[in-house]
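Novice: Before anything else, here's the structure in question.
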Amino acid sequence: MIERELKFELDLDRPVPRLDGVGPVARQGDPVKSALEATYFDTADHRLTEAGITVRRRTGGHDAGWHLKLPRPDGHREEVQEPLGQSTETVPQALREHVRDRIGDRELTPIARIRSTRYAYPLLDAENRPLATLTDDHVTAEADEAIGIDTWREIEVELEDTTGDDVLHVLADALEHAGVRPAPWPSKLRRALRHRLGPASG
């Protein structure tokens, strides 16, 4: 699965922007609320995070399970999924094989836990077909003892498989005009580890 999305930040007291009538979007649907809890895994020296690769086990939402996200040259990400299974602390072998060239035989252990209260708004065309999803995440992260518990709000737009890339940029422009700021971090995990790893490279 190819993940085509852009991330933004919004002040806690600001309303979610409306995208009705932007580009091909005819209507912004009502939000669906979910509670997401994710544990992220990496080597002791953060080899995967530094390479822009994410491994996590997430519960809640429609796609609960193990997720591996790999960067692509076009700026999008490829996502590989595995079922939740019984173990909460052992990364599935199928996902380990995808990153074997990065980690060798090094152990993958929990490095962060991130909880999000998510409000997902479907963006629909004139025939009520989904074009994209606008998500409003209220995030709590525990990853770095120097920070303690960190909280922020993240806005994300993710395209459906059949929607053209140009729509992503149209929606992004509309969000910025509405006062939403491009996220300075490529992922929730990278932000949670910012004091430990320094500025993100991408």
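Lettering and numbering for the structure tokens are positional, with chains as A, B, ... in the shown order, residues counted from 1 in each chain, and ligands counted from 1 in the shown order.
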From a backbone DSSP assignment, name each residue in region 1-94 of chain A labelled alpha helix (DSSP H), as a list in words.
Specialist: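 Here is the list: Arg47, Leu48, Thr49, Glu50, Gln93 and Ala94 of chain A.
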Novice: Using only C-alpha atoms, please write the residues we just selected to a file, as a PDB file, in the first residue's frame.
Specialist:
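part27.pdb, written as the output of this step:
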ATOM      1  CA  ARG A  47      18.843   2.990  12.831  1.00  0.00           C
ATOM      2  CA  LEU A  48      15.333   2.807  11.432  1.00  0.00           C
ATOM      3  CA  THR A  49      14.098   6.168  12.698  1.00  0.00           C
ATOM      4  CA  GLU A  50      17.195   7.929  11.341  1.00  0.00           C
ATOM      5  CA  GLN A  93       9.459 -11.854  11.262  1.00  0.00           C
ATOM      6  CA  ALA A  94       7.897 -10.790   7.963  1.00  0.00           C
TER       7      ALA A  94
END
Novice: Quick one: residues within 9 Å of region 140-142 of chain A, only C-alpha atoms counted, chain neighbours fewer than 4 positions away excluded, as a VMD selection string?
Specialist: chain A and resid 111 to 117 147 to 153 188 to 189 192
Novice: Residues as selected, C-alpha atoms, written as a CSV table (one decimal), in the first residue's frame, can you do that?
Specialist:
chain,number,residue,atom,x,y,z
A,111,ILE,CA,11.3,3.2,22.0
A,112,ALA,CA,8.1,5.2,22.3
A,113,ARG,CA,4.4,5.0,23.0
A,114,ILE,CA,2.0,7.4,21.4
A,115,ARG,CA,-1.7,7.8,22.0
A,116,SER,CA,-4.0,9.7,19.7
A,117,THR,CA,-7.6,10.7,19.9
A,147,ILE,CA,10.7,15.8,27.8
A,148,GLY,CA,8.4,13.6,29.8
A,149,ILE,CA,4.9,13.5,28.4
A,150,ASP,CA,4.6,15.6,25.2
A,151,THR,CA,1.3,16.7,23.7
A,152,TRP,CA,0.4,18.3,20.5
A,153,ARG,CA,-2.3,18.4,17.7
A,188,LYS,CA,4.8,11.6,15.2
A,189,LEU,CA,7.7,9.4,16.3
A,192,ALA,CA,8.6,12.6,20.0
Novice: To one decimal place, how far is CA of Lys7 (chain A) from CA of Lys33 (chain A) in Å?
Specialist: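 Between CA of Lys7 (chain A) and CA of Lys33 (chain A) the gap is 18.6 Å.
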Novice: According to DSSP computed on the backbone, where in chain A is there strand (DSSP E or B)? Give the residues as a PyMOL selection string.
Specialist: chain A and resi 2-3+5-9+27-28+32-42+54-59+65-71+77-82+109-124+130-144+148-159+181-182
Novice: Could you dump the residues just selected with C-alpha atoms as a PDB file, in the first residue's frame?
Specialist:
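Full text of part_38.pdb as output:
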ATOM      1  CA  ILE A   2       1.284   3.457  -0.914  1.00  0.00           C
ATOM      2  CA  GLU A   3       0.587   6.148   1.664  1.00  0.00           C
ATOM      3  CA  GLU A   5      -0.350  12.188   2.830  1.00  0.00           C
ATOM      4  CA  LEU A   6       0.753  15.532   4.191  1.00  0.00           C
ATOM      5  CA  LYS A   7       1.014  16.487   7.865  1.00  0.00           C
ATOM      6  CA  PHE A   8       0.263  19.824   9.525  1.00  0.00           C
ATOM      7  CA  GLU A   9       0.000  21.322  13.002  1.00  0.00           C
ATOM      8  CA  ARG A  27     -18.563  17.857   0.999  1.00  0.00           C
ATOM      9  CA  GLN A  28     -16.638  17.291   4.211  1.00  0.00           C
ATOM     10  CA  VAL A  32     -15.499   9.453  13.060  1.00  0.00           C
ATOM     11  CA  LYS A  33     -13.796   9.332  16.474  1.00  0.00           C
ATOM     12  CA  SER A  34     -11.302   6.640  17.449  1.00  0.00           C
ATOM     13  CA  ALA A  35      -8.714   6.060  20.178  1.00  0.00           C
ATOM     14  CA  LEU A  36      -5.333   4.870  18.863  1.00  0.00           C
ATOM     15  CA  GLU A  37      -2.472   3.453  20.919  1.00  0.00           C
ATOM     16  CA  ALA A  38       0.846   2.662  19.247  1.00  0.00           C
ATOM     17  CA  THR A  39       4.150   1.228  20.438  1.00  0.00           C
ATOM     18  CA  TYR A  40       7.134   2.014  18.197  1.00  0.00           C
ATOM     19  CA  PHE A  41      10.165  -0.239  17.781  1.00  0.00           C
ATOM     20  CA  ASP A  42      13.767   0.382  16.725  1.00  0.00           C
ATOM     21  CA  THR A  54       8.787   3.287  11.111  1.00  0.00           C
ATOM     22  CA  VAL A  55       7.813   0.025  12.805  1.00  0.00           C
ATOM     23  CA  ARG A  56       4.854   0.084  15.171  1.00  0.00           C
ATOM     24  CA  ARG A  57       2.113  -2.008  16.735  1.00  0.00           C
ATOM     25  CA  ARG A  58      -1.139  -0.049  16.893  1.00  0.00           C
ATOM     26  CA  THR A  59      -4.529  -0.820  18.363  1.00  0.00           C
ATOM     27  CA  GLY A  65      -2.072  -4.229  13.534  1.00  0.00           C
ATOM     28  CA  TRP A  66       1.664  -4.094  12.923  1.00  0.00           C
ATOM     29  CA  HIS A  67       2.727  -1.390  10.447  1.00  0.00           C
ATOM     30  CA  LEU A  68       6.035  -0.923   8.640  1.00  0.00           C
ATOM     31  CA  LYS A  69       6.434   2.376   6.757  1.00  0.00           C
ATOM     32  CA  LEU A  70       9.223   2.751   4.206  1.00  0.00           C
ATOM     33  CA  PRO A  71      10.174   6.034   2.464  1.00  0.00           C
ATOM     34  CA  ARG A  77       5.654   6.057   1.878  1.00  0.00           C
ATOM     35  CA  GLU A  78       5.069   2.369   1.299  1.00  0.00           C
ATOM     36  CA  GLU A  79       3.195   0.637   4.108  1.00  0.00           C
ATOM     37  CA  VAL A  80       3.361  -3.080   4.911  1.00  0.00           C
ATOM     38  CA  GLN A  81       0.926  -4.514   7.444  1.00  0.00           C
ATOM     39  CA  GLU A  82       0.704  -7.639   9.589  1.00  0.00           C
ATOM     40  CA  THR A 109      12.715  -2.987  21.163  1.00  0.00           C
ATOM     41  CA  PRO A 110      10.061  -0.423  22.194  1.00  0.00           C
ATOM     42  CA  ILE A 111      11.320   3.165  21.962  1.00  0.00           C
ATOM     43  CA  ALA A 112       8.094   5.183  22.266  1.00  0.00           C
ATOM     44  CA  ARG A 113       4.419   4.953  23.048  1.00  0.00           C
ATOM     45  CA  ILE A 114       2.037   7.366  21.374  1.00  0.00           C
ATOM     46  CA  ARG A 115      -1.688   7.756  21.989  1.00  0.00           C
ATOM     47  CA  SER A 116      -3.999   9.728  19.722  1.00  0.00           C
ATOM     48  CA  THR A 117      -7.631  10.720  19.937  1.00  0.00           C
ATOM     49  CA  ARG A 118      -8.505  10.887  16.249  1.00  0.00           C
ATOM     50  CA  TYR A 119     -11.349  12.629  14.451  1.00  0.00           C
ATOM     51  CA  ALA A 120     -11.443  11.489  10.811  1.00  0.00           C
ATOM     52  CA  TYR A 121     -13.433  13.568   8.317  1.00  0.00           C
ATOM     53  CA  PRO A 122     -14.177  11.981   4.913  1.00  0.00           C
ATOM     54  CA  LEU A 123     -13.734  14.331   1.946  1.00  0.00           C
ATOM     55  CA  LEU A 124     -16.298  13.394  -0.701  1.00  0.00           C
ATOM     56  CA  PRO A 130     -14.357   9.361  -0.960  1.00  0.00           C
ATOM     57  CA  LEU A 131     -11.419  11.386  -2.287  1.00  0.00           C
ATOM     58  CA  ALA A 132      -9.340  11.728   0.869  1.00  0.00           C
ATOM     59  CA  THR A 133      -9.519  11.812   4.654  1.00  0.00           C
ATOM     60  CA  LEU A 134      -8.818  14.817   6.848  1.00  0.00           C
ATOM     61  CA  THR A 135      -7.732  13.692  10.305  1.00  0.00           C
ATOM     62  CA  ASP A 136      -7.454  15.749  13.477  1.00  0.00           C
ATOM     63  CA  ASP A 137      -5.193  13.963  15.983  1.00  0.00           C
ATOM     64  CA  HIS A 138      -4.805  15.034  19.620  1.00  0.00           C
ATOM     65  CA  VAL A 139      -1.511  13.354  20.494  1.00  0.00           C
ATOM     66  CA  THR A 140       0.188  12.280  23.730  1.00  0.00           C
ATOM     67  CA  ALA A 141       3.689  10.799  23.464  1.00  0.00           C
ATOM     68  CA  GLU A 142       6.058   9.146  25.931  1.00  0.00           C
ATOM     69  CA  ALA A 143       9.480   8.662  24.396  1.00  0.00           C
ATOM     70  CA  ASP A 144      12.140  10.811  25.986  1.00  0.00           C
ATOM     71  CA  GLY A 148       8.392  13.570  29.826  1.00  0.00           C
ATOM     72  CA  ILE A 149       4.890  13.458  28.389  1.00  0.00           C
ATOM     73  CA  ASP A 150       4.573  15.567  25.244  1.00  0.00           C
ATOM     74  CA  THR A 151       1.257  16.676  23.739  1.00  0.00           C
ATOM     75  CA  TRP A 152       0.354  18.337  20.458  1.00  0.00           C
ATOM     76  CA  ARG A 153      -2.250  18.424  17.709  1.00  0.00           C
ATOM     77  CA  GLU A 154      -1.637  17.107  14.209  1.00  0.00           C
ATOM     78  CA  ILE A 155      -3.755  17.596  11.099  1.00  0.00           C
ATOM     79  CA  GLU A 156      -3.262  15.170   8.225  1.00  0.00           C
ATOM     80  CA  VAL A 157      -4.663  14.776   4.732  1.00  0.00           C
ATOM     81  CA  GLU A 158      -4.389  11.326   3.140  1.00  0.00           C
ATOM     82  CA  LEU A 159      -5.568  10.501  -0.387  1.00  0.00           C
ATOM     83  CA  ARG A 181       1.007  25.113   9.551  1.00  0.00           C
ATOM     84  CA  PRO A 182       3.062  22.480   7.704  1.00  0.00           C
TER      85      PRO A 182
END
Novice: Taking 4 positions as the minimum chain separation for residues in the same chain, which residues sit within 8 Å of Val167 (chain A) when counting only C-alpha atoms? Answer as a ChimeraX atom specification.
Specialist: /A:23-24,163,171
Novice: For each of A:Arg190, A:Thr43, A:Gly85, A:Gly29, take the minimum atom-to-atom distance to Arg100 (chain A), counting only C-alpha atoms, then give the residue where this is smallest.
Specialist: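 Of A:Arg190, A:Thr43, A:Gly85, A:Gly29, the one nearest Arg100 (chain A) is A:Thr43, counting only C-alpha atoms.
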Novice: Nearest to Asp173 (chain A) among A:Leu193, A:Asp11, A:Gly52, A:Pro17, with distances taken over only C-alpha atoms: which residue is it?
Specialist: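 Going through A:Leu193, A:Asp11, A:Gly52, A:Pro17 one by one, the smallest distance to Asp173 (chain A) is for A:Pro17.
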Novice: Using only C-alpha atoms, which of the listed residues (A:Glu89, A:Leu10, A:Gly21, A:Leu197) sits closest to Val170 (chain A)?
Specialist: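 Among A:Glu89, A:Leu10, A:Gly21, A:Leu197, it is A:Gly21 that comes nearest to Val170 (chain A).
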